[in-house]
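Everything below concerns the one structure shown next.
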Amino acid sequence: MCIEIMLNTATLNLVAFSANMADISGQLIVIFAIAVGAAEIAIGLAILLLIFNKHGSIDLSEIGTLRRR
Amino acid sequence: MLEAFFLIALIAVCSAAMVVISKEIVHSALFLALLFTMIAAFYILLGAEFLAIIQVLVYIGGVITMILFTIMLTKSKAKSSIVNNTLILQIFVFSVFMALIITALSASKVTFSAGTVPVYSLEEIGKVMLTTYVLPFELISLVLLVAMVAAIFIARPQKEVG
């Protein structure tokens, strides 16, 4: 969710500069960034569901499967 | 206009802070919805109505729904066990970042005019999207297709192997 906040602040910045410089490109880039953000969170939540199915928990501090014991 | 901006900015900053510090993850998701609404209001203030519509449709309609579904599907019995023992580090990073922003703003030569913002019609956006930005437009459709297939592939029901 924090990733989404950061992505939104960046896109807001782009729109602000686009409005300030009277350039339409910023809005187009923001549309593409929103599409990439939606794709990214879909993948992320799918991975989260997979982790939950495997471990029964989404607490990331408990999951150390990749760590060598 | 200025009062509207400050009101929206205050609500946006408060809801962003609540997303981070909420103990209950569902509350975080709902505050995130409020934040996205405020960002859409910012877009309207900046004369980007089409982006505001896109924001509401994609983020509030899609992303928040997906986050809430994932929370409900993975709801664990135990309360959140996140221990917050990095307060000094957080304050340090925050102050360094703010100092960086203030330095950059005072050193930059960009001037901001408080005049009227240009409003682009949907037609202009569509024209630019299908002429100048036609390659990113096609690429983004490919990216969305790959992401959809990959998400379905990752989250499909696992067969018991061996």
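In the structure tokens, chains take the letters A, B, ... in the order shown, each chain's residues start at 1, and ligands count up from 1 in the order shown.
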key: At most 6 Å to chain B: residues in chain A, only C-alpha atoms, as a ChimeraX atom specification   = /A:19,39,43,46,50
Write the residues you've just listed into a file as an mmCIF file, in the first residue's frame, and include C-alpha atoms for each of them.
data_model
loop_
_atom_site.group_PDB
_atom_site.id
_atom_site.type_symbol
_atom_site.label_atom_id
_atom_site.label_comp_id
_atom_site.auth_asym_id
_atom_site.auth_seq_id
_atom_site.Cartn_x
_atom_site.Cartn_y
_atom_site.Cartn_z
ATOM 1 C CA ALA A 19 -0.042 21.842 -15.826
ATOM 2 C CA ALA A 39 -0.423 -4.499 -13.205
ATOM 3 C CA ILE A 43 1.084 -9.466 -9.433
ATOM 4 C CA ALA A 46 -1.207 -12.825 -6.384
ATOM 5 C CA LEU A 50 0.425 -17.803 -2.915
#
message = Just want the 6 Å neighbourhood of range 8-15 of chain A, counted on only C-alpha atoms, with same-chain residues fewer than 3 positions away dropped. Output as a list in words.
response = Ile5, Ser18, Gly26, Gln27 and Val30 of chain A
ask   = Among chain B, which residues carry a DSSP assignment of alpha helix (DSSP H), reported as a PyMOL selection string?
value = chain B and resi 2-21+25-45+49-55+64-73+87-107+122-131+134-154
